[in-house]
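K.L.:
Contents of upload-v4.cif (mmCIF, C-alpha atoms) are below:
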```
data_input
#
loop_
_atom_site.label_atom_id
_atom_site.label_comp_id
_atom_site.auth_asym_id
_atom_site.auth_seq_id
_atom_site.Cartn_x
_atom_site.Cartn_y
_atom_site.Cartn_z
CA MET A 747 124.25 98.50 120.45
CA ILE A 748 123.98 101.98 121.97
CA ARG A 749 127.74 102.31 121.80
CA ARG A 750 127.69 101.49 118.10
CA LEU A 751 124.95 103.98 117.44
CA LEU A 752 126.87 106.65 119.31
CA LEU A 753 129.98 105.88 117.29
CA GLY A 754 127.99 106.12 114.08
CA PHE A 755 126.57 109.49 115.06
CA ALA A 756 130.01 110.69 116.09
CA THR A 757 131.37 109.70 112.67
CA VAL A 758 128.69 111.62 110.83
CA LEU A 759 129.06 114.65 113.09
CA ILE A 760 132.84 114.79 112.73
CA PHE A 761 132.68 114.57 108.95
CA ALA A 762 129.90 117.11 108.71
CA ALA A 763 131.81 119.49 110.95
CA LEU A 764 135.02 119.07 108.99
CA SER A 765 133.26 119.57 105.66
CA GLY A 766 131.54 122.67 107.00
CA MET A 767 134.82 124.09 108.27
CA LEU A 768 136.47 123.42 104.92
CA LEU A 769 133.71 125.08 102.94
CA ALA A 770 133.51 128.01 105.30
CA ALA A 771 137.25 128.47 105.16
CA LEU A 772 137.27 128.96 101.41
CA PRO A 773 137.69 132.74 101.15
CA PRO A 774 136.39 134.92 98.39
CA GLN A 775 139.10 136.00 95.98
CA LYS A 776 140.05 139.58 95.31
CA SER A 777 139.54 140.70 91.77
CA GLN A 778 142.76 141.10 89.95
CA THR A 779 143.98 144.36 88.58
CA THR A 780 144.58 144.08 84.91
CA ASN A 781 146.65 145.91 82.44
CA THR A 782 146.30 148.20 79.57
CA ALA A 783 143.38 147.73 77.26
CA ALA A 784 144.01 146.27 73.88
CA LYS A 785 142.00 144.91 71.07
CA PRO A 786 142.08 141.13 70.54
CA LYS A 787 144.79 140.29 68.07
CA THR A 788 146.02 137.12 66.50
CA SER A 789 149.40 136.53 65.02
CA SER A 790 147.86 136.47 61.56
CA GLN A 791 146.76 140.01 62.10
CA ALA A 792 150.18 141.10 63.26
CA LYS A 793 151.24 142.32 59.91
CA SER A 794 154.90 143.12 60.02
CA ALA A 795 156.65 142.75 56.72
CA ASP A 796 159.64 144.64 58.02
CA PRO A 797 162.70 142.43 57.51
CA ALA A 798 164.25 143.75 60.73
CA PRO A 799 161.98 142.49 63.48
CA VAL A 800 161.86 144.11 66.88
CA LEU A 801 162.38 141.57 69.65
CA THR A 802 160.20 143.26 72.21
CA THR A 803 158.23 141.42 74.82
CA ILE A 804 155.25 142.56 76.84
CA SER A 805 153.72 141.79 80.23
CA VAL A 806 150.08 140.90 80.76
CA ALA A 807 148.45 140.30 84.14
CA GLY A 808 151.79 139.77 85.81
CA VAL A 809 152.99 137.35 83.16
CA ASN A 810 156.23 138.65 81.69
CA ASP A 811 158.33 138.09 78.58
CA ILE A 812 155.44 137.56 76.21
CA ASP A 813 156.24 137.67 72.51
CA PRO A 814 153.21 139.56 71.10
CA ALA A 815 153.44 137.58 67.88
CA LYS A 816 152.82 134.35 69.84
CA ALA A 817 150.01 135.67 72.05
CA PHE A 818 146.33 135.92 71.25
CA GLY A 819 143.29 137.66 72.66
CA SER A 820 142.43 140.56 74.89
CA LYS A 821 144.98 141.68 77.46
CA ASN A 822 142.03 142.42 79.76
CA ALA A 823 140.86 138.79 79.73
CA PRO A 824 140.19 137.40 83.22
CA VAL A 825 142.30 134.31 82.51
CA VAL A 826 145.79 134.06 81.02
CA MET A 827 146.72 130.64 79.67
CA GLU A 828 150.32 129.80 78.76
CA ILE A 829 150.95 126.62 76.78
CA PHE A 830 154.49 125.25 76.92
CA SER A 831 154.70 123.13 73.83
CA ASP A 832 157.13 121.13 71.71
CA TYR A 833 156.36 120.82 67.99
CA GLN A 834 157.63 117.25 67.84
CA CYS A 835 155.61 115.99 70.82
CA PRO A 836 152.48 113.95 69.90
CA ALA A 837 150.55 115.08 72.99
CA CYS A 838 151.23 118.71 72.01
CA LYS A 839 149.80 118.01 68.57
CA GLN A 840 146.75 116.45 70.21
CA LEU A 841 146.26 119.47 72.47
CA TYR A 842 146.67 121.87 69.54
CA THR A 843 144.31 120.10 67.17
CA ALA A 844 141.62 118.93 69.61
CA THR A 845 141.57 121.66 72.22
CA THR A 846 143.51 124.84 71.49
CA GLN A 847 141.62 125.64 68.30
CA LYS A 848 138.30 125.48 70.17
CA VAL A 849 139.69 127.56 73.02
CA LEU A 850 140.77 130.19 70.49
CA GLU A 851 137.34 130.20 68.94
CA ASN A 852 135.20 130.21 72.09
CA TYR A 853 137.33 131.86 74.77
CA VAL A 854 140.13 133.85 73.16
CA ASN A 855 138.11 135.51 70.41
CA THR A 856 135.40 136.37 72.96
CA GLY A 857 137.83 138.12 75.28
CA LYS A 858 137.70 135.59 78.10
CA VAL A 859 141.18 134.09 77.79
CA TYR A 860 144.54 135.54 76.77
CA LEU A 861 146.49 132.68 75.21
CA ILE A 862 150.29 132.59 75.07
CA HIS A 863 152.26 130.04 73.10
CA ARG A 864 155.57 129.19 74.77
CA ASP A 865 158.23 127.15 73.03
CA PHE A 866 159.66 124.37 75.14
CA PRO A 867 161.71 122.22 72.72
CA LEU A 868 162.73 119.03 74.47
CA PRO A 869 166.36 117.92 74.00
CA MET A 870 165.21 114.42 73.02
CA HIS A 871 163.50 115.78 69.88
CA ALA A 872 165.98 116.46 67.11
CA TYR A 873 163.89 118.92 65.07
CA SER A 874 161.59 120.60 67.56
CA ARG A 875 163.85 123.62 68.07
CA LEU A 876 164.13 124.16 64.32
CA ALA A 877 160.36 123.84 64.01
CA ALA A 878 160.00 126.44 66.76
CA SER A 879 162.31 128.77 64.81
CA TYR A 880 160.21 128.47 61.66
CA SER A 881 156.97 128.95 63.56
CA ARG A 882 158.30 131.98 65.43
CA ALA A 883 159.66 133.55 62.25
CA ALA A 884 156.36 132.98 60.46
CA ALA A 885 154.45 134.53 63.37
CA HIS A 886 156.55 137.69 62.99
CA ILE A 887 155.52 138.10 59.36
CA GLY A 888 151.86 137.48 60.22
CA LYS A 889 151.69 133.84 59.10
CA GLY A 890 151.96 132.13 62.47
CA ASP A 891 148.59 130.38 62.43
CA GLU A 892 149.09 128.83 58.99
CA VAL A 893 152.62 127.64 59.72
CA GLU A 894 151.86 126.31 63.20
CA GLN A 895 148.94 124.36 61.80
CA ALA A 896 151.06 122.95 58.97
CA ILE A 897 153.87 121.96 61.33
CA PHE A 898 151.56 120.14 63.73
CA GLN A 899 149.44 118.50 61.05
CA ASN A 900 152.51 117.13 59.25
CA GLN A 901 154.40 116.20 62.41
CA GLU A 902 154.70 112.51 61.52
CA LYS A 903 156.18 113.36 58.10
CA TRP A 904 158.86 115.91 58.97
CA GLU A 905 159.97 114.18 62.15
CA MET A 906 161.07 111.26 59.96
CA THR A 907 162.94 113.37 57.42
CA GLY A 908 163.65 116.64 59.20
CA ASP A 909 162.15 118.51 56.25
CA ILE A 910 160.44 121.30 58.15
CA GLN A 911 161.45 123.77 55.47
CA GLY A 912 159.35 121.94 52.89
CA THR A 913 156.38 121.75 55.25
CA VAL A 914 156.52 125.49 55.91
CA ALA A 915 157.14 126.39 52.26
CA ALA A 916 153.97 124.57 51.27
CA VAL A 917 151.80 127.12 53.07
CA LEU A 918 153.75 130.29 52.31
CA SER A 919 154.34 132.28 49.16
CA PRO A 920 157.94 132.28 47.82
CA ALA A 921 158.45 135.86 49.06
CA GLU A 922 157.17 135.00 52.55
CA MET A 923 159.29 131.88 52.65
CA ARG A 924 162.40 133.87 51.78
CA LYS A 925 161.77 136.19 54.74
CA VAL A 926 161.10 133.30 57.11
CA GLN A 927 164.15 131.41 55.92
CA ALA A 928 166.32 134.49 56.41
CA PHE A 929 165.15 134.79 60.02
CA VAL A 930 165.74 131.10 60.65
CA ASP A 931 169.22 131.18 59.09
CA ALA A 932 170.13 134.25 61.13
CA ARG A 933 168.74 132.61 64.30
CA THR A 934 166.89 135.87 64.87
CA PHE A 935 164.32 134.53 67.28
CA GLU A 936 166.57 132.12 69.14
CA PRO A 937 166.72 134.43 72.19
CA LEU A 938 162.91 134.43 72.46
CA ILE A 939 162.72 130.64 72.17
CA GLU A 940 165.43 130.23 74.78
CA LYS A 941 163.66 132.72 77.05
CA ASP A 942 160.46 130.66 76.79
CA ARG A 943 162.41 127.52 77.66
CA GLN A 944 163.96 129.19 80.70
CA LEU A 945 160.53 130.36 81.83
CA GLY A 946 159.30 126.79 81.46
CA LEU A 947 162.13 125.43 83.56
CA ALA A 948 161.15 127.89 86.28
CA VAL A 949 157.50 126.66 86.40
CA PRO A 950 158.82 123.86 86.41
CA VAL A 951 157.73 122.22 83.18
CA THR A 952 158.69 118.56 83.39
CA GLN A 953 156.74 117.35 80.38
CA THR A 954 155.01 118.77 77.35
CA PRO A 955 152.46 120.07 76.88
CA THR A 956 152.14 121.95 80.15
CA SER A 957 149.49 124.61 80.49
CA VAL A 958 149.81 127.29 83.13
CA PHE A 959 146.63 129.16 83.99
CA HIS A 960 146.72 132.56 85.70
CA ALA A 961 143.57 133.98 87.27
CA ASN A 962 142.84 136.16 90.28
CA GLY A 963 146.49 136.20 91.27
CA GLN A 964 146.72 132.42 91.41
CA THR A 965 148.69 130.13 89.11
CA TYR A 966 147.61 126.62 88.16
CA PRO A 967 150.12 124.48 86.22
CA TYR A 968 148.65 121.45 84.49
CA ALA A 969 150.73 118.83 82.67
CA GLY A 970 149.45 116.82 79.75
CA SER A 971 146.87 117.13 77.05
CA VAL A 972 143.25 117.81 78.00
CA SER A 973 140.03 117.51 76.06
CA TYR A 974 138.12 120.66 75.29
CA ASP A 975 135.01 119.55 77.21
CA VAL A 976 136.98 119.05 80.41
CA LEU A 977 139.07 122.20 80.00
CA LYS A 978 135.88 124.18 79.39
CA ASP A 979 134.61 123.32 82.89
CA PHE A 980 137.83 124.58 84.46
CA LEU A 981 137.98 127.77 82.37
CA ASN A 982 134.35 128.57 83.22
CA GLN A 983 135.14 128.22 86.92
CA LEU A 984 138.20 130.47 86.61
CA ILE A 985 136.24 133.08 84.66
CA GLY A 986 133.31 132.92 87.07
CA GLN A 987 135.42 133.57 90.17
CA LYS A 988 134.42 136.57 92.22
CA MET B 507 139.50 78.51 122.85
CA MET B 508 142.05 80.43 120.74
CA GLN B 509 144.55 82.56 122.60
CA SER B 510 144.59 86.27 121.91
CA VAL B 511 147.17 88.81 123.00
CA PRO B 512 146.81 92.60 122.88
CA PHE B 513 149.79 93.23 120.59
CA ASN B 514 150.63 90.53 118.11
CA TYR B 515 152.12 91.43 114.72
CA ARG B 516 148.70 91.31 113.06
CA ARG B 517 147.24 93.88 115.41
CA ILE B 518 150.31 96.09 114.97
CA ILE B 519 149.89 96.00 111.18
CA ILE B 520 146.17 96.71 111.49
CA TRP B 521 146.91 99.76 113.65
CA LEU B 522 149.73 100.86 111.39
CA GLY B 523 147.48 100.50 108.34
CA ARG B 524 144.64 102.40 109.96
CA LEU B 525 146.88 105.30 111.00
CA VAL B 526 148.92 105.55 107.80
CA LEU B 527 146.04 105.08 105.36
CA ALA B 528 143.72 107.34 107.32
CA GLY B 529 146.40 110.04 107.27
CA VAL B 530 147.03 109.60 103.56
CA PHE B 531 143.34 109.65 102.69
CA ILE B 532 142.49 112.69 104.83
CA TYR B 533 145.50 114.60 103.51
CA ALA B 534 144.77 113.61 99.89
CA GLY B 535 141.13 114.70 100.14
CA TYR B 536 142.00 117.95 101.89
CA ALA B 537 144.76 118.72 99.37
CA LYS B 538 142.38 118.19 96.45
CA ILE B 539 139.84 120.58 97.95
CA THR B 540 142.32 123.31 98.87
CA MET B 541 144.92 122.54 96.17
CA GLY B 542 147.42 122.76 99.00
CA ARG B 543 147.64 126.53 98.80
CA SER B 544 146.76 129.60 100.73
CA PRO B 545 144.61 131.53 100.03
CA ARG B 546 142.55 128.58 98.97
CA PRO B 547 141.01 128.80 95.51
CA PRO B 548 137.23 128.54 95.24
CA LEU B 549 135.92 125.01 95.63
CA GLY B 550 134.64 124.90 92.05
CA VAL B 551 138.08 125.78 90.69
CA ALA B 552 139.77 123.10 92.81
CA LEU B 553 137.28 120.40 91.82
CA THR B 554 137.33 121.19 88.11
CA PHE B 555 141.14 121.26 88.19
CA PHE B 556 141.02 117.79 89.75
CA GLU B 557 138.50 116.83 87.04
CA MET B 558 141.18 117.61 84.43
CA GLN B 559 143.61 115.36 86.28
CA VAL B 560 141.08 112.51 86.46
CA ALA B 561 140.32 112.91 82.76
CA SER B 562 144.03 112.91 81.89
CA TYR B 563 144.17 109.19 82.75
CA GLN B 564 141.92 108.62 79.71
CA ILE B 565 139.92 105.89 81.42
CA LEU B 566 136.57 107.48 82.18
CA PRO B 567 134.20 109.42 79.92
CA HIS B 568 133.72 113.12 80.63
CA GLN B 569 130.64 112.84 82.85
CA ALA B 570 132.17 110.01 84.90
CA SER B 571 135.38 112.02 85.35
CA ARG B 572 133.32 114.93 86.60
CA LEU B 573 131.42 112.70 89.05
CA VAL B 574 134.63 111.17 90.41
CA ALA B 575 136.31 114.57 90.73
CA HIS B 576 133.38 116.07 92.62
CA THR B 577 132.93 113.18 95.06
CA LEU B 578 136.31 111.51 95.59
CA PRO B 579 137.95 114.23 97.74
CA PHE B 580 135.06 114.17 100.23
CA ALA B 581 134.90 110.36 100.17
CA GLU B 582 138.63 110.21 100.92
CA ILE B 583 138.21 112.42 103.99
CA ALA B 584 135.21 110.42 105.18
CA LEU B 585 136.97 107.08 104.70
CA GLY B 586 140.07 108.35 106.48
CA LEU B 587 137.98 109.33 109.49
CA LEU B 588 136.08 106.04 109.43
CA LEU B 589 139.36 104.12 109.38
CA LEU B 590 140.52 106.06 112.42
CA ILE B 591 137.27 105.38 114.24
CA GLY B 592 137.61 101.76 113.24
CA TRP B 593 133.98 100.72 113.26
CA PRO B 594 133.09 98.59 111.43
CA LEU B 595 136.75 98.14 110.48
CA ARG B 596 136.35 95.23 108.09
CA LEU B 597 133.87 97.15 105.93
CA TRP B 598 135.89 100.37 105.65
CA ALA B 599 139.18 98.52 105.29
CA THR B 600 137.71 96.62 102.35
CA VAL B 601 136.37 99.79 100.73
CA VAL B 602 139.69 101.59 101.18
CA THR B 603 141.59 98.62 99.73
CA LEU B 604 139.34 98.50 96.68
CA ILE B 605 139.79 102.23 96.09
CA ILE B 606 143.58 101.99 96.42
CA ALA B 607 143.53 99.01 94.06
CA GLY B 608 141.69 101.22 91.56
CA PHE B 609 144.28 104.00 91.99
CA PHE B 610 147.11 101.50 91.56
CA ALA B 611 145.63 99.99 88.40
CA SER B 612 145.14 103.47 86.91
CA VAL B 613 148.69 104.56 87.75
CA VAL B 614 150.24 101.35 86.38
CA ARG B 615 148.23 101.69 83.16
CA ALA B 616 149.22 105.34 82.68
CA TYR B 617 152.87 104.53 83.41
CA ALA B 618 152.84 101.59 81.00
CA LEU B 619 151.29 103.74 78.26
CA GLY B 620 153.81 106.51 78.92
CA LEU B 621 151.10 109.15 79.36
CA PRO B 622 152.74 112.53 80.03
CA ILE B 623 150.49 113.41 82.97
CA ASN B 624 150.62 114.37 86.60
CA CYS B 625 149.60 111.88 89.25
CA GLY B 626 146.86 114.14 90.65
CA CYS B 627 147.12 112.21 93.92
CA PHE B 628 147.73 115.20 96.18
CA ALA B 629 146.80 118.07 93.84
CA LYS B 630 150.45 118.92 93.21
CA SER B 631 152.49 119.10 90.02
CA GLU B 632 153.85 115.64 90.50
CA PRO B 633 154.79 113.79 87.31
CA LEU B 634 153.57 110.22 87.22
CA ASP B 635 156.72 108.10 87.27
CA GLY B 636 158.13 104.88 88.68
CA MET B 637 158.16 106.29 92.20
CA THR B 638 154.42 106.92 91.98
CA VAL B 639 153.88 103.29 91.01
CA LEU B 640 156.06 102.09 93.89
CA ARG B 641 154.35 104.36 96.41
CA ASP B 642 150.87 103.27 95.35
CA GLY B 643 152.00 99.65 95.35
CA ALA B 644 153.28 99.98 98.92
CA LEU B 645 150.00 101.56 100.03
CA LEU B 646 148.03 98.78 98.35
CA LEU B 647 150.14 96.13 100.09
CA LEU B 648 149.57 97.79 103.45
CA ALA B 649 145.82 98.06 102.80
CA LEU B 650 145.62 94.40 101.77
CA LEU B 651 147.47 93.23 104.88
CA MET B 652 145.34 95.44 107.09
CA THR B 653 142.13 94.10 105.59
CA VAL B 654 143.13 90.43 105.67
CA PHE B 655 144.38 90.70 109.24
CA ALA B 656 141.23 92.57 110.26
CA PHE B 657 139.15 89.64 109.04
CA LEU B 658 141.44 87.09 110.73
CA GLU B 659 141.56 88.94 114.02
CA ALA B 660 137.78 89.31 114.04
CA ARG B 661 137.54 85.54 114.52
CA ARG B 662 139.43 85.76 117.79
CA PRO B 663 138.00 87.12 121.00
CA HIS B 664 139.10 90.64 121.74
CA PRO B 665 142.04 90.55 124.15
CA TRP B 666 140.38 93.03 126.44
CA SER B 667 136.99 91.29 126.47
CA ALA B 668 135.84 89.36 129.50
CA PRO B 669 136.99 85.71 129.54
CA ALA B 670 134.38 83.21 128.46
CA LYS B 671 132.67 81.37 131.29
CA PRO B 672 133.38 77.64 131.43
#
```
Could you render the structure as structure tokens?

P.N.:
Amino acid sequence: MIRRLLLGFATVLIFAALSGMLLAALPPQKSQTTNTAAKPKTSSQAKSADPAPVLTTISVAGVNDIDPAKAFGSKNAPVVMEIFSDYQCPACKQLYTATTQKVLENYVNTGKVYLIHRDFPLPMHAYSRLAASYSRAAAHIGKGDEVEQAIFQNQEKWEMTGDIQGTVAAVLSPAEMRKVQAFVDARTFEPLIEKDRQLGLAVPVTQTPTSVFHANGQTYPYAGSVSYDVLKDFLNQLIGQK
Amino acid sequence: MMQSVPFNYRRIIIWLGRLVLAGVFIYAGYAKITMGRSPRPPLGVALTFFEMQVASYQILPHQASRLVAHTLPFAEIALGLLLLIGWPLRLWATVVTLIIAGFFASVVRAYALGLPINCGCFAKSEPLDGMTVLRDGALLLLALLMTVFAFLEARRPHPWSAPAKP
């Protein structure tokens, strides 16, 4: 009986000691140095009617090769969130409609998160690369939000017919559509899409959507869709880090 | 009186199960808390990241996912240690087997539904695939054998105990 009691006490002591060591070993994080200040900007605000787009990329918080037309929020945000997405993937549509819109509203527009859209068209999806081209082209004439929304919301329709052009044309004026179509025909933004895909392969992205969070010098890749309520808990923890 | 020998195949499997499953559980719990990286992220970040992985299985509601994520890593470490200590073995072996059965059912369901998620087993970016199902199945088999043999062996006198007086 005494032996059993001793064993029981030993069990509790060992676990308590281990837990204490673990908690004590968690070090405080250094605050991260951030980059140049900039006002929050969305792709809709990136008015650039110039038919000859400039394929420049920027770096924010150590994250390189960002197409400014596909990035949103303050560059001083404590968290950078990259979403590797495929326009023909149902889980990507779910993430976009159920979660990303709320993140934009509550975290990006309030300066807490800098959100980057990365194209990661999967080879198994016949039209996702073309959809990415349309979306990217639209973003460079300041119509990225409208076109991305239309592409995702009509995913089931155009993936049957391949008629992405019609889906995009429905939300653009004829003049805007002509510009977008010219970019798509010229494959103007193909290098940026391919660059995003290469960056995804380096993560590595093995499925879409994959979100990569950057905060305090650490990187957290997460595969799959996530509800806003659950993501909110994680973002709050990242933002609240000291 | 039944004969009992120190090392029959049942006792070997019980020991094997205790060592392997204790190691897996302690490592899994520790990896979830530290995310397997150095410097370790704050505990809240690690647990809420695990909460996203629990929720990705789309089985539990939000609050239940949060509860599981905030308790399971510590429970895994505790159960691993209790398996190593081995007292009372039948109780902890049963609990561990039930937990692994729960993991296995969740993994099989996610695999069958084709959910594009990570396993979340060891806090790594590990896509849930056929190998995950096989690995969890093997662990469940080992846990079942360990538990059944622990109950069977408990009916026999311990080989190192004093012989019964006539």

K.L.:
Do a neighbour search on region 896-901 of chain A at 10 Å with only C-alpha atoms, toss out local chain neighbours closer than 5 positions, and write the hits as an MDAnalysis selection string.

P.N.:
chainID A and resid 832:836 838:840 842:843 874 877:878 880:881 890:891 906 908 910:911 913:917

K.L.:
In Å to one decimal, how far is CA of Thr802 (chain A) from CA of Val826 (chain A)?

P.N.:
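Taking CA of Val826 (chain A) as the start and CA of Thr802 (chain A) as the end point, the length is 19.2 Å.
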
K.L.:
In terms of the shortest atom-to-atom distance over only C-alpha atoms, which of B:Leu650, B:Ala611, B:Leu553, B:Leu578 is closest to chain A?

P.N.:
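Counting only C-alpha atoms, the residue closest to chain A is B:Leu553.
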
K.L.:
Which of these residues is nearest to chain A, using only C-alpha atoms: B:Ala584, B:Leu604, B:Val613, B:Leu645?

P.N.:
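Selected residue with least distance to chain A: B:Ala584.
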
K.L.:
What is the CA of Arg943 (chain A) to CA of Phe866 (chain A) distance in Å?

P.N.:
4.9 Å

K.L.:
Taking (155.5, 102.6, 91.0) as a centre in this file's frame and 12 Å as the limit, can you find every polymer residue with an atom that close, using all atoms listed in the file, and give them as a list of chain:residue names?

P.N.:
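Answer for this query, in the requested form: B:Phe609, B:Phe610, B:Ala611, B:Ser612, B:Val613, B:Val614, B:Arg615, B:Ala616, B:Tyr617, B:Ala618, B:Cys625, B:Pro633, B:Leu634, B:Asp635, B:Gly636, B:Met637, B:Thr638, B:Val639, B:Leu640, B:Arg641, B:Asp642, B:Gly643, B:Ala644, B:Leu645, B:Leu646.
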
K.L.:
Mind pulling up the distance from CA of Pro622 (chain B) to CA of Leu850 (chain A)?

P.N.:
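These two atoms are separated by 23.4 Å.
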
K.L.:
Taking all atoms listed in the file into account, name the residue in A:Val893, A:Ala885, A:Ala807, A:Leu841 that is nearest to chain B.

P.N.:
A:Leu841

K.L.:
Taking all atoms listed in the file into account, name the residue in A:Pro967, A:Gly808, A:Pro814, A:Gly857 that is nearest to His886 (chain A).

P.N.:
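Nearest to His886 (chain A): A:Pro814.
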